[in-house]
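Student: Below is the file work.txt, with compact mmCIF, C-alpha atoms and all ligand atoms.
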# COMPACT_ATOMS: atom_id res chain seq x y z
CA MET I 1 0.30 21.61 5.55
CA ALA I 2 0.66 24.06 2.66
CA GLY I 3 -0.92 27.00 4.52
CA ARG I 4 0.44 26.21 7.94
CA THR I 5 3.99 25.17 7.04
CA GLN I 6 5.40 28.68 7.27
CA GLU I 7 4.08 29.17 10.77
CA LEU I 8 5.38 25.87 12.14
CA LEU I 9 7.80 26.11 15.01
CA TYR I 10 10.26 23.39 15.85
CA SER I 11 8.35 22.83 19.10
CA ASP I 12 5.11 22.15 17.17
CA ILE I 13 6.59 19.02 15.70
CA ASP I 14 6.20 15.75 17.59
CA LEU I 15 9.76 14.45 17.55
CA GLU I 16 8.77 10.92 18.51
CA LEU I 17 6.86 10.77 15.21
CA SER I 18 9.59 12.37 13.05
CA TRP I 19 12.80 10.64 12.09
CA SER I 20 15.95 11.61 10.24
CA GLU I 21 17.29 9.30 7.55
CA ASP I 22 20.09 8.27 9.94
CA ALA I 23 17.72 7.44 12.77
CA LEU I 24 15.37 5.49 10.51
CA PRO I 25 17.16 4.27 7.37
CA GLN I 26 15.29 2.74 4.46
CA VAL I 27 16.30 -0.79 5.42
CA LEU I 28 14.24 -0.45 8.62
CA ARG I 29 11.30 1.28 6.95
CA THR I 30 11.10 -1.55 4.44
CA LYS I 31 11.74 -4.41 6.88
CA HIS I 32 10.36 -7.93 6.24
CA VAL I 33 6.91 -8.00 4.61
CA HIS I 34 6.57 -4.22 4.46
CA SER I 35 8.39 -4.35 1.12
CA LEU I 36 6.68 -7.37 -0.38
CA HIS I 37 5.38 -5.14 -3.16
CA PRO I 38 5.79 -1.42 -3.95
CA TYR I 39 2.87 0.71 -2.85
CA LEU I 40 2.55 4.50 -3.07
CA GLY I 41 1.24 6.27 0.00
CA LYS I 42 1.90 3.80 2.77
CA PHE I 43 2.65 4.34 6.44
CA VAL I 44 6.13 4.20 7.86
CA PRO I 45 5.72 1.07 10.05
CA GLN I 46 7.55 2.72 12.95
CA LEU I 47 4.80 5.35 13.09
CA VAL I 48 2.23 2.64 13.70
CA GLU I 49 4.54 1.16 16.37
CA VAL I 50 4.50 4.48 18.27
CA PHE I 51 0.68 4.71 18.07
CA LEU I 52 0.28 1.13 19.29
CA ASP I 53 2.60 1.84 22.23
CA ARG I 54 0.83 5.09 23.10
CA TYR I 55 -2.81 4.13 22.68
CA PHE I 56 -3.26 0.32 22.67
CA GLU I 57 -2.64 -2.76 24.84
CA PRO I 58 -1.68 -6.21 23.53
CA GLY I 59 -4.79 -8.38 23.26
CA GLU I 60 -6.96 -5.53 21.90
CA CYS I 61 -8.23 -5.28 18.32
CA VAL I 62 -7.09 -2.53 15.92
CA TYR I 63 -9.16 -1.54 12.89
CA ASP I 64 -7.87 0.17 9.75
CA PRO I 65 -10.74 1.17 7.41
CA PHE I 66 -8.20 2.10 4.68
CA VAL I 67 -5.82 -0.80 5.09
CA GLY I 68 -3.91 -0.29 1.81
CA SER I 69 -0.80 -2.44 1.83
CA GLY I 70 -1.52 -3.72 5.36
CA THR I 71 1.01 -1.79 7.47
CA THR I 72 -1.37 -1.40 10.43
CA LEU I 73 -2.27 -5.09 10.42
CA VAL I 74 1.35 -6.27 10.28
CA GLU I 75 2.42 -3.99 13.12
CA ALA I 76 -0.71 -4.67 15.21
CA ASN I 77 0.05 -8.39 14.93
CA THR I 78 3.65 -8.14 16.10
CA PHE I 79 2.47 -5.90 18.96
CA GLY I 80 0.06 -8.68 20.02
CA CYS I 81 -3.23 -7.18 18.83
CA ALA I 82 -5.91 -8.67 16.59
CA GLY I 83 -6.41 -6.64 13.42
CA ILE I 84 -9.22 -5.87 10.99
CA GLY I 85 -8.52 -4.10 7.71
CA CYS I 86 -10.90 -2.96 5.01
CA ASP I 87 -10.07 -1.72 1.53
CA VAL I 88 -12.06 -1.09 -1.62
CA SER I 89 -9.14 -2.19 -3.79
CA ALA I 90 -9.01 -5.96 -4.36
CA PHE I 91 -5.28 -5.88 -5.02
CA ASN I 92 -4.56 -4.09 -1.73
CA CYS I 93 -6.63 -6.72 0.09
CA LEU I 94 -4.69 -9.52 -1.59
CA LEU I 95 -1.41 -7.90 -0.57
CA SER I 96 -2.48 -7.33 3.06
CA ASP I 97 -3.79 -10.87 3.23
CA VAL I 98 -0.56 -12.41 1.92
CA LYS I 99 1.53 -10.33 4.32
CA THR I 100 -0.40 -11.32 7.42
CA GLU I 101 -1.29 -14.99 6.73
CA ASN I 102 0.22 -17.67 8.95
CA TRP I 103 2.04 -19.55 6.15
CA SER I 104 3.35 -23.10 6.17
CA LEU I 105 6.60 -21.79 4.83
CA GLY I 106 8.20 -25.08 3.78
CA LEU I 107 5.20 -26.00 1.64
CA LEU I 108 4.90 -22.49 0.28
CA GLU I 109 8.55 -22.34 -0.75
CA LEU I 110 8.26 -25.72 -2.46
CA GLY I 111 5.12 -24.57 -4.30
CA LEU I 112 6.67 -21.29 -5.46
CA LYS I 113 9.90 -22.91 -6.65
CA GLY I 114 7.81 -25.55 -8.43
CA ALA I 115 5.93 -22.71 -10.12
CA LEU I 116 9.23 -21.26 -11.37
CA GLU I 117 10.24 -24.68 -12.72
CA ALA I 118 6.92 -25.04 -14.51
CA PHE I 119 7.36 -21.53 -15.93
CA ARG I 120 10.83 -22.43 -17.26
CA ARG I 121 9.50 -25.62 -18.86
CA LEU I 122 6.53 -23.84 -20.40
CA GLY I 123 8.58 -21.01 -21.90
CA ARG I 124 7.38 -17.65 -23.13
CA ARG I 125 3.88 -17.70 -24.53
CA ASP I 126 2.19 -15.75 -27.30
CA THR I 127 0.48 -12.51 -26.37
CA ASP I 128 -2.33 -12.28 -28.93
CA ASP I 129 -5.13 -12.68 -26.39
CA ALA I 130 -3.77 -10.05 -23.96
CA SER I 131 -5.74 -6.85 -23.36
CA GLU I 132 -4.93 -3.70 -25.32
CA TRP I 133 -3.51 -2.05 -22.20
CA LEU I 134 -1.09 -4.94 -21.58
CA GLN I 135 0.02 -4.95 -25.23
CA GLU I 136 0.66 -1.24 -25.03
CA TRP I 137 2.66 -1.26 -21.78
CA TYR I 138 4.87 -4.34 -22.29
CA SER I 139 7.36 -5.58 -24.83
CA GLU I 140 6.28 -8.84 -26.42
CA GLY I 141 8.98 -10.76 -24.53
CA ALA I 142 8.07 -9.39 -21.10
CA LEU I 143 4.35 -9.90 -21.66
CA GLY I 144 4.95 -13.43 -22.95
CA ASP I 145 6.78 -14.24 -19.68
CA LEU I 146 4.08 -12.71 -17.49
CA LEU I 147 1.28 -14.55 -19.28
CA ALA I 148 3.16 -17.86 -19.07
CA TYR I 149 3.60 -17.43 -15.30
CA ARG I 150 -0.09 -16.54 -15.03
CA ASP I 151 -0.92 -19.84 -16.78
CA VAL I 152 1.23 -21.64 -14.21
CA ILE I 153 -0.59 -19.91 -11.32
CA ARG I 154 -3.87 -21.39 -12.57
CA GLY I 155 -2.54 -24.87 -11.76
CA LEU I 156 -1.33 -24.03 -8.22
CA ASP I 157 -3.17 -24.75 -4.98
CA PRO I 158 -5.21 -21.68 -3.92
CA SER I 159 -2.86 -20.65 -1.07
CA THR I 160 0.35 -20.74 -3.10
CA ALA I 161 -1.53 -19.06 -5.94
CA ARG I 162 -2.28 -16.00 -3.76
CA VAL I 163 1.42 -15.45 -3.08
CA ALA I 164 2.32 -16.15 -6.70
CA LYS I 165 -0.14 -13.45 -7.77
CA VAL I 166 1.71 -10.88 -5.66
CA ILE I 167 5.01 -12.02 -7.21
CA LEU I 168 3.48 -11.77 -10.70
CA SER I 169 2.21 -8.28 -9.98
CA ARG I 170 5.57 -7.10 -8.64
CA ALA I 171 7.34 -8.50 -11.71
CA ALA I 172 4.73 -6.82 -13.94
CA ARG I 173 5.39 -3.48 -12.26
CA SER I 174 9.13 -3.78 -12.89
CA ALA I 175 8.75 -5.02 -16.47
CA ARG I 176 6.58 -2.16 -17.80
CA LEU I 177 7.84 -0.12 -20.71
CA THR I 178 8.87 2.77 -18.56
CA THR I 179 12.04 4.59 -17.60
CA HIS I 180 13.91 3.56 -14.44
CA PHE I 181 13.35 7.01 -12.95
CA ASP I 182 9.59 7.10 -13.43
CA LEU I 183 8.27 3.84 -12.03
CA ASP I 184 5.79 5.65 -9.77
CA PHE I 185 4.01 7.83 -12.32
CA PRO I 186 4.75 6.65 -15.88
CA LYS I 187 2.66 8.61 -18.35
CA ALA I 188 3.30 6.82 -21.64
CA PRO I 189 5.12 3.64 -22.65
CA VAL I 190 8.79 4.12 -23.61
CA ARG I 191 9.94 1.74 -26.36
CA ASP I 192 13.33 3.21 -27.32
CA ALA I 193 16.65 3.68 -25.50
CA TYR I 194 16.64 6.81 -23.28
CA PHE I 195 19.00 8.77 -21.08
CA CYS I 196 18.41 7.51 -17.55
CA HIS I 197 18.54 10.24 -14.86
CA LYS I 198 18.76 7.57 -12.18
CA HIS I 199 21.73 5.63 -13.60
CA LYS I 200 23.31 8.55 -15.51
CA ARG I 201 23.66 6.56 -18.72
CA THR I 202 21.65 5.29 -21.65
CA CYS I 203 19.19 2.58 -20.60
CA ARG I 204 16.81 0.41 -22.58
CA PRO I 205 13.23 -0.54 -21.71
CA VAL I 206 12.77 -4.03 -20.27
CA GLN I 207 12.38 -6.87 -22.78
CA GLU I 208 11.74 -9.78 -20.41
CA ALA I 209 10.09 -10.51 -17.05
CA GLY I 210 11.56 -13.94 -16.18
CA LYS I 211 14.46 -12.48 -14.19
CA PHE I 212 12.04 -10.48 -12.03
CA LEU I 213 9.90 -13.54 -11.36
CA VAL I 214 12.96 -15.44 -10.11
CA ARG I 215 14.31 -12.52 -8.04
CA TYR I 216 10.95 -11.71 -6.44
CA THR I 217 10.15 -15.35 -5.66
CA LEU I 218 13.33 -15.61 -3.59
CA ASP I 219 12.80 -12.20 -2.00
CA THR I 220 9.17 -12.99 -1.11
CA VAL I 221 10.08 -16.26 0.61
CA ARG I 222 12.84 -14.49 2.55
CA ARG I 223 10.55 -11.66 3.68
CA LEU I 224 7.75 -14.02 4.74
CA ARG I 225 10.30 -16.07 6.70
CA ASP I 226 11.64 -12.95 8.45
CA PHE I 227 8.12 -11.91 9.41
CA SER I 228 7.23 -15.43 10.62
CA LEU I 229 9.85 -15.03 13.38
CA LEU I 230 7.90 -12.03 14.74
CA ARG I 231 4.35 -13.03 13.83
CA GLN I 232 2.01 -13.67 16.77
CA ASP I 233 -0.96 -15.97 16.88
CA ARG I 234 -3.63 -13.27 16.66
CA ARG I 235 -6.75 -12.98 14.53
CA VAL I 236 -6.32 -10.98 11.30
CA GLU I 237 -9.28 -10.16 9.04
CA VAL I 238 -8.96 -8.44 5.67
CA LEU I 239 -12.29 -7.28 4.25
CA HIS I 240 -12.71 -6.30 0.62
CA GLY I 241 -15.38 -3.62 0.79
CA ASP I 242 -16.40 0.00 1.09
CA ALA I 243 -15.50 1.33 4.54
CA ARG I 244 -18.64 3.48 4.49
CA ARG I 245 -20.78 0.37 4.78
CA VAL I 246 -18.61 -2.57 5.83
CA GLU I 247 -19.77 -4.78 8.72
CA LEU I 248 -16.94 -5.75 11.04
CA PRO I 249 -16.70 -9.34 12.31
CA LEU I 250 -15.69 -8.19 15.81
CA GLY I 251 -15.77 -4.91 17.71
CA PRO I 252 -12.43 -3.09 17.42
CA SER I 253 -10.84 -1.38 20.42
CA GLY I 254 -9.71 1.51 18.24
CA ILE I 255 -8.51 2.73 14.85
CA ILE I 256 -5.14 3.52 13.31
CA THR I 257 -5.47 4.71 9.74
CA SER I 258 -4.25 6.98 6.96
CA PRO I 259 -7.13 7.84 4.65
CA PRO I 260 -6.65 8.69 0.98
CA TYR I 261 -5.83 12.40 0.61
CA PRO I 262 -8.22 14.23 -1.72
CA GLY I 263 -7.16 14.30 -5.37
CA LEU I 264 -3.72 12.72 -4.89
CA ILE I 265 -3.61 9.05 -5.90
CA ASP I 266 -5.80 6.67 -7.90
CA TYR I 267 -5.37 3.49 -5.89
CA HIS I 268 -6.77 1.07 -8.47
CA GLU I 269 -4.87 2.70 -11.32
CA GLN I 270 -1.63 2.53 -9.32
CA HIS I 271 -1.71 -1.26 -9.71
CA ARG I 272 -3.45 -1.39 -13.09
CA TYR I 273 -1.13 -4.19 -14.25
CA ALA I 274 -2.42 -6.45 -11.45
CA TYR I 275 -6.05 -5.80 -12.38
CA GLU I 276 -5.32 -6.42 -16.07
CA LEU I 277 -3.37 -9.64 -15.47
CA LEU I 278 -5.34 -11.15 -12.60
CA GLY I 279 -8.86 -10.09 -13.56
CA LEU I 280 -9.48 -8.68 -10.05
CA GLU I 281 -12.80 -7.00 -9.30
CA ASP I 282 -12.55 -3.29 -10.12
CA ARG I 283 -14.34 -1.06 -7.62
CA ARG I 284 -12.65 2.22 -8.46
CA CYS I 285 -16.00 3.98 -8.53
CA ASP I 286 -16.18 3.48 -4.73
CA GLU I 287 -12.74 5.00 -4.05
CA ILE I 288 -12.97 8.12 -1.88
CA GLY I 289 -10.88 11.15 -2.90
CA THR I 290 -9.35 9.71 -6.09
CA ALA I 291 -6.92 11.81 -8.12
CA SER I 292 -9.23 11.49 -11.12
CA LYS I 293 -11.92 13.46 -9.24
CA GLY I 294 -9.48 16.32 -8.58
CA ARG I 295 -9.71 18.87 -5.80
CA SER I 296 -12.60 21.01 -6.95
CA ARG I 297 -15.04 22.34 -4.36
CA SER I 298 -17.56 19.61 -5.22
CA ALA I 299 -14.87 16.88 -5.07
CA LEU I 300 -13.84 18.09 -1.61
CA SER I 301 -17.41 18.20 -0.43
CA GLU I 302 -17.98 14.63 -1.69
CA TYR I 303 -14.76 13.63 0.09
CA ARG I 304 -15.95 15.13 3.40
CA VAL I 305 -19.30 13.35 3.19
CA GLY I 306 -17.58 10.04 2.36
CA MET I 307 -15.11 10.32 5.24
CA ILE I 308 -17.84 11.19 7.74
CA GLU I 309 -19.70 8.05 6.64
CA VAL I 310 -16.57 5.90 7.10
CA PHE I 311 -15.87 7.10 10.65
CA LYS I 312 -19.57 7.03 11.61
CA ASN I 313 -19.86 3.45 10.40
CA ALA I 314 -16.74 2.45 12.34
CA ALA I 315 -17.75 4.33 15.51
CA ALA I 316 -21.14 2.58 15.49
CA GLN I 317 -19.27 -0.73 15.82
CA MET I 318 -16.92 0.36 18.64
CA SER I 319 -17.42 1.10 22.33
CA SER I 320 -17.51 4.68 23.49
CA GLY I 321 -14.13 6.11 24.47
CA SER I 322 -12.25 4.12 21.78
CA THR I 323 -9.16 5.82 20.33
CA VAL I 324 -9.12 6.88 16.67
CA VAL I 325 -5.73 7.87 15.22
CA VAL I 326 -5.81 9.46 11.76
CA VAL I 327 -2.68 10.41 9.80
CA VAL I 328 -3.39 12.92 7.02
CA ASN I 329 -1.92 15.78 5.10
CA ASP I 330 -4.78 18.03 6.16
CA SER I 331 -3.76 21.08 4.18
CA LYS I 332 -7.38 22.20 3.84
CA ASP I 333 -7.99 21.74 7.57
CA VAL I 334 -11.08 19.64 6.90
CA TYR I 335 -10.47 16.84 9.39
CA PRO I 336 -11.69 18.48 12.61
CA ALA I 337 -15.09 18.95 10.92
CA ILE I 338 -15.03 15.40 9.50
CA LEU I 339 -14.35 13.88 12.91
CA ASP I 340 -16.98 16.09 14.49
CA GLY I 341 -19.49 15.11 11.78
CA ALA I 342 -18.85 11.47 12.62
CA GLY I 343 -19.50 12.11 16.32
CA LEU I 344 -15.84 11.77 17.32
CA VAL I 345 -14.24 14.07 19.89
CA LEU I 346 -10.88 15.49 18.84
CA GLN I 347 -8.35 15.15 21.66
CA ASP I 348 -5.05 16.11 20.08
CA ARG I 349 -3.58 17.34 16.81
CA LEU I 350 0.10 16.56 16.28
CA THR I 351 2.45 17.47 13.46
CA ARG I 352 4.93 15.07 12.02
CA HIS I 353 7.88 16.08 9.90
CA VAL I 354 8.30 13.68 6.99
CA ASN I 355 11.96 14.20 6.37
CA ARG I 356 12.40 11.96 3.42
CA ARG I 357 10.21 11.43 0.38
CA THR I 358 11.53 9.42 -2.51
CA GLY I 359 11.68 10.17 -6.22
CA ARG I 360 9.69 13.06 -7.62
CA ARG I 361 8.03 13.80 -4.29
CA ALA I 362 11.29 14.76 -2.59
CA GLY I 363 11.29 17.87 -0.39
CA GLU I 364 9.88 19.25 2.85
CA PHE I 365 6.65 17.59 3.85
CA TYR I 366 4.48 17.56 6.96
CA GLU I 367 1.65 15.32 8.06
CA ASP I 368 -0.99 15.81 10.71
CA VAL I 369 -1.90 13.21 13.27
CA LEU I 370 -5.37 13.64 14.70
CA VAL I 371 -6.24 11.71 17.83
CA ALA I 372 -9.93 11.45 18.65
CA ARG I 373 -12.28 9.35 20.79
CA THR I 374 -15.65 7.83 20.07
CA SER I 375 -18.39 9.47 22.14
C1 LIG I 401 -3.39 6.20 2.04
S1 LIG I 401 -3.90 4.62 1.52
C2 LIG I 401 -3.64 3.64 2.98
C3 LIG I 401 -2.22 3.16 3.09
C4 LIG I 401 -1.98 2.30 4.31
N1 LIG I 401 -1.95 3.07 5.52
C5 LIG I 401 -0.63 1.55 4.15
O1 LIG I 401 0.24 1.70 4.97
O2 LIG I 401 -0.48 0.85 3.15
C6 LIG I 401 -5.63 4.78 1.41
C7 LIG I 401 -6.39 3.51 1.02
O3 LIG I 401 -7.79 3.79 1.08
C8 LIG I 401 -8.44 2.94 0.15
N2 LIG I 401 -9.82 3.41 -0.08
C9 LIG I 401 -10.25 4.46 -0.82
N3 LIG I 401 -11.60 4.55 -0.76
C10 LIG I 401 -12.02 3.55 0.06
C11 LIG I 401 -13.31 3.13 0.51
N4 LIG I 401 -14.44 3.73 0.13
N5 LIG I 401 -13.37 2.07 1.36
C12 LIG I 401 -12.24 1.42 1.75
N6 LIG I 401 -11.01 1.76 1.31
C13 LIG I 401 -10.89 2.82 0.49
C14 LIG I 401 -7.52 2.98 -1.06
O4 LIG I 401 -7.75 1.87 -1.90
C15 LIG I 401 -6.14 2.98 -0.39
O5 LIG I 401 -5.63 1.67 -0.32
Spit out the file's structure as structure tokens when you get a sec.
Ligand SMILES: C[S@@+](CC[C@H](N)C(=O)[O-])C[C@H]1O[C@@H](n2cnc3c(N)ncnc32)[C@H](O)[C@@H]1O

Tutor:
Amino acid sequence: MAGRTQELLYSDIDLELSWSEDALPQVLRTKHVHSLHPYLGKFVPQLVEVFLDRYFEPGECVYDPFVGSGTTLVEANTFGCAGIGCDVSAFNCLLSDVKTENWSLGLLELGLKGALEAFRRLGRRDTDDASEWLQEWYSEGALGDLLAYRDVIRGLDPSTARVAKVILSRAARSARLTTHFDLDFPKAPVRDAYFCHKHKRTCRPVQEAGKFLVRYTLDTVRRLRDFSLLRQDRRVEVLHGDARRVELPLGPSGIITSPPYPGLIDYHEQHRYAYELLGLEDRRCDEIGTASKGRSRSALSEYRVGMIEVFKNAAAQMSSGSTVVVVVNDSKDVYPAILDGAGLVLQDRLTRHVNRRTGRRAGEFYEDVLVARTS
């Protein structure tokens, strides 16, 4: 909202979509599976709840072409809707899949605790065969732990292995050679003690990953259990693909999504450790609006074309009159033209005050919510 922020009046802001920290504390924003793994740029789940209440009925099917960490699918499920999500990032698909699966929790817990036992027996392993990137970003001890747990995952049944991969990735994120105050955007590995702005004392970079694997195993089981009490028996499909071309397995009743903002985040790079450790398919060249492409005129034009293709492809697989809810920081005011280019009819444009951003992105921030219909 850079240009429009100054002109905003209190009455322009949709209060049902804007919360103070008191009204919506972190513990609620990160409830059950929503915090299974850190993820930059995700929805506040309560925002999706409001959209579901306003625009959908239980029993319908909600599509998110940019499913990311799966917020739309989780909330659609608890609301009683089927959900389809698509993402070009294999790690995001894994995460969304693990969050929304109907787990046999007893078996899963047994499998994950068995994995920890096997990891303890195996002990730290040598790191000679690890990639250059991993050797650069981890101490030998931490990397030895992560590689040993990865060896254990290879012997697990495929279902337990999927959850264990998310635990491994979360531990890998915490165990990087970075400062405590720069986990979101670390620029270079930090190998020596440093003054920590978060803890106001001298801290040392992490030398092991075992403690994270234990902590996150317990936390993951707890979060999946909490979600299982709310989870409904509804179809959930997570598709690893490019939303410009993906074929949907059933016709959605509408869309709730937050597309990547141009030039802001590299979604593959954000979870580089997962790609390096798990050998996931890398499709970063198909990411729309990546930070690495910047915000030049040609990057923005490519972004517009890509977004039109995504919404056109989705609209072609939905009935006319379906609701499309898009949450963006549309500072360049490009979305009305994108929706129009995709044949969607803009019905409403709301403004949401994002009162709280964490870490280095703290400060005043507004988002736009565009509500359109397929023609
Ligand atoms: C803003 S994030 C979505 C976050 C999501 N709402 C959540 O709560 O986690 C945008 C997502 O779009 C994905 N993406 C970028 N280009 C894509 C493409 N061509 N097809 C499908 N997904 C894409 C990125 O990988 C990223 O996960």

Student: At a cut-off of 8 Å around ligand LIG 401 (chain I), and using all atoms listed in the file, what residues come up? Please write them as a tab-separated table (two decimals) with C-alpha atoms, in the coordinates of the input.

Tutor:
chain	number	residue	atom	x	y	z
I	39	TYR	CA	2.87	0.71	-2.85
I	40	LEU	CA	2.55	4.50	-3.07
I	41	GLY	CA	1.24	6.27	0.00
I	42	LYS	CA	1.90	3.80	2.77
I	43	PHE	CA	2.65	4.34	6.44
I	44	VAL	CA	6.13	4.20	7.86
I	45	PRO	CA	5.72	1.07	10.05
I	64	ASP	CA	-7.87	0.17	9.75
I	65	PRO	CA	-10.74	1.17	7.41
I	66	PHE	CA	-8.20	2.10	4.68
I	67	VAL	CA	-5.82	-0.80	5.09
I	68	GLY	CA	-3.91	-0.29	1.81
I	69	SER	CA	-0.80	-2.44	1.83
I	70	GLY	CA	-1.52	-3.72	5.36
I	71	THR	CA	1.01	-1.79	7.47
I	72	THR	CA	-1.37	-1.40	10.43
I	86	CYS	CA	-10.90	-2.96	5.01
I	87	ASP	CA	-10.07	-1.72	1.53
I	88	VAL	CA	-12.06	-1.09	-1.62
I	89	SER	CA	-9.14	-2.19	-3.79
I	92	ASN	CA	-4.56	-4.09	-1.73
I	240	HIS	CA	-12.71	-6.30	0.62
I	241	GLY	CA	-15.38	-3.62	0.79
I	242	ASP	CA	-16.40	0.00	1.09
I	243	ALA	CA	-15.50	1.33	4.54
I	244	ARG	CA	-18.64	3.48	4.49
I	257	THR	CA	-5.47	4.71	9.74
I	258	SER	CA	-4.25	6.98	6.96
I	259	PRO	CA	-7.13	7.84	4.65
I	260	PRO	CA	-6.65	8.69	0.98
I	261	TYR	CA	-5.83	12.40	0.61
I	266	ASP	CA	-5.80	6.67	-7.90
I	267	TYR	CA	-5.37	3.49	-5.89
I	268	HIS	CA	-6.77	1.07	-8.47
I	286	ASP	CA	-16.18	3.48	-4.73
I	287	GLU	CA	-12.74	5.00	-4.05
I	288	ILE	CA	-12.97	8.12	-1.88
I	289	GLY	CA	-10.88	11.15	-2.90
I	290	THR	CA	-9.35	9.71	-6.09
I	306	GLY	CA	-17.58	10.04	2.36
I	310	VAL	CA	-16.57	5.90	7.10

Student: Please, which residues in segment 247-301 of chain I fall within 10 Å of segment 312-319 of chain I when counting all atoms listed in the file, and what is the closest atom pair and distance in Å to one decimal for each, ordered by chain then residue number, as JSON lines?

Tutor:
{"residue": "I:Glu247", "atom": "CA", "partner": "I:Gln317", "partner_atom": "CA", "distance": 8.2}
{"residue": "I:Leu248", "atom": "CA", "partner": "I:Gln317", "partner_atom": "CA", "distance": 7.3}
{"residue": "I:Pro249", "atom": "CA", "partner": "I:Gln317", "partner_atom": "CA", "distance": 9.6}
{"residue": "I:Leu250", "atom": "CA", "partner": "I:Gln317", "partner_atom": "CA", "distance": 8.3}
{"residue": "I:Gly251", "atom": "CA", "partner": "I:Met318", "partner_atom": "CA", "distance": 5.5}
{"residue": "I:Pro252", "atom": "CA", "partner": "I:Met318", "partner_atom": "CA", "distance": 5.8}
{"residue": "I:Ser253", "atom": "CA", "partner": "I:Met318", "partner_atom": "CA", "distance": 6.6}
{"residue": "I:Gly254", "atom": "CA", "partner": "I:Met318", "partner_atom": "CA", "distance": 7.3}
{"residue": "I:Ile255", "atom": "CA", "partner": "I:Ala314", "partner_atom": "CA", "distance": 8.6}

Student: Could you check the closest approach to Phe91 of chain I for each of I:Arg170, I:Asp333, I:Leu300, I:Val221 and tell me which residue wins, using all atoms listed in the file?

Tutor: I:Arg170

Student: So which one's closest to Arg29 of chain I, I:Val190, I:Leu122, I:Val48, I:Leu110? Using all atoms listed in the file, please.

Tutor: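 Counting all atoms listed in the file, the residue closest to Arg29 of chain I is I:Val48.
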
Student: Which value, in Å to one decimal, gives the distance between atom CA of Asp219 of chain I and atom CA of Leu143 of chain I?

Tutor: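 Between atom CA of Asp219 of chain I and atom CA of Leu143 of chain I the gap is 21.5 Å.
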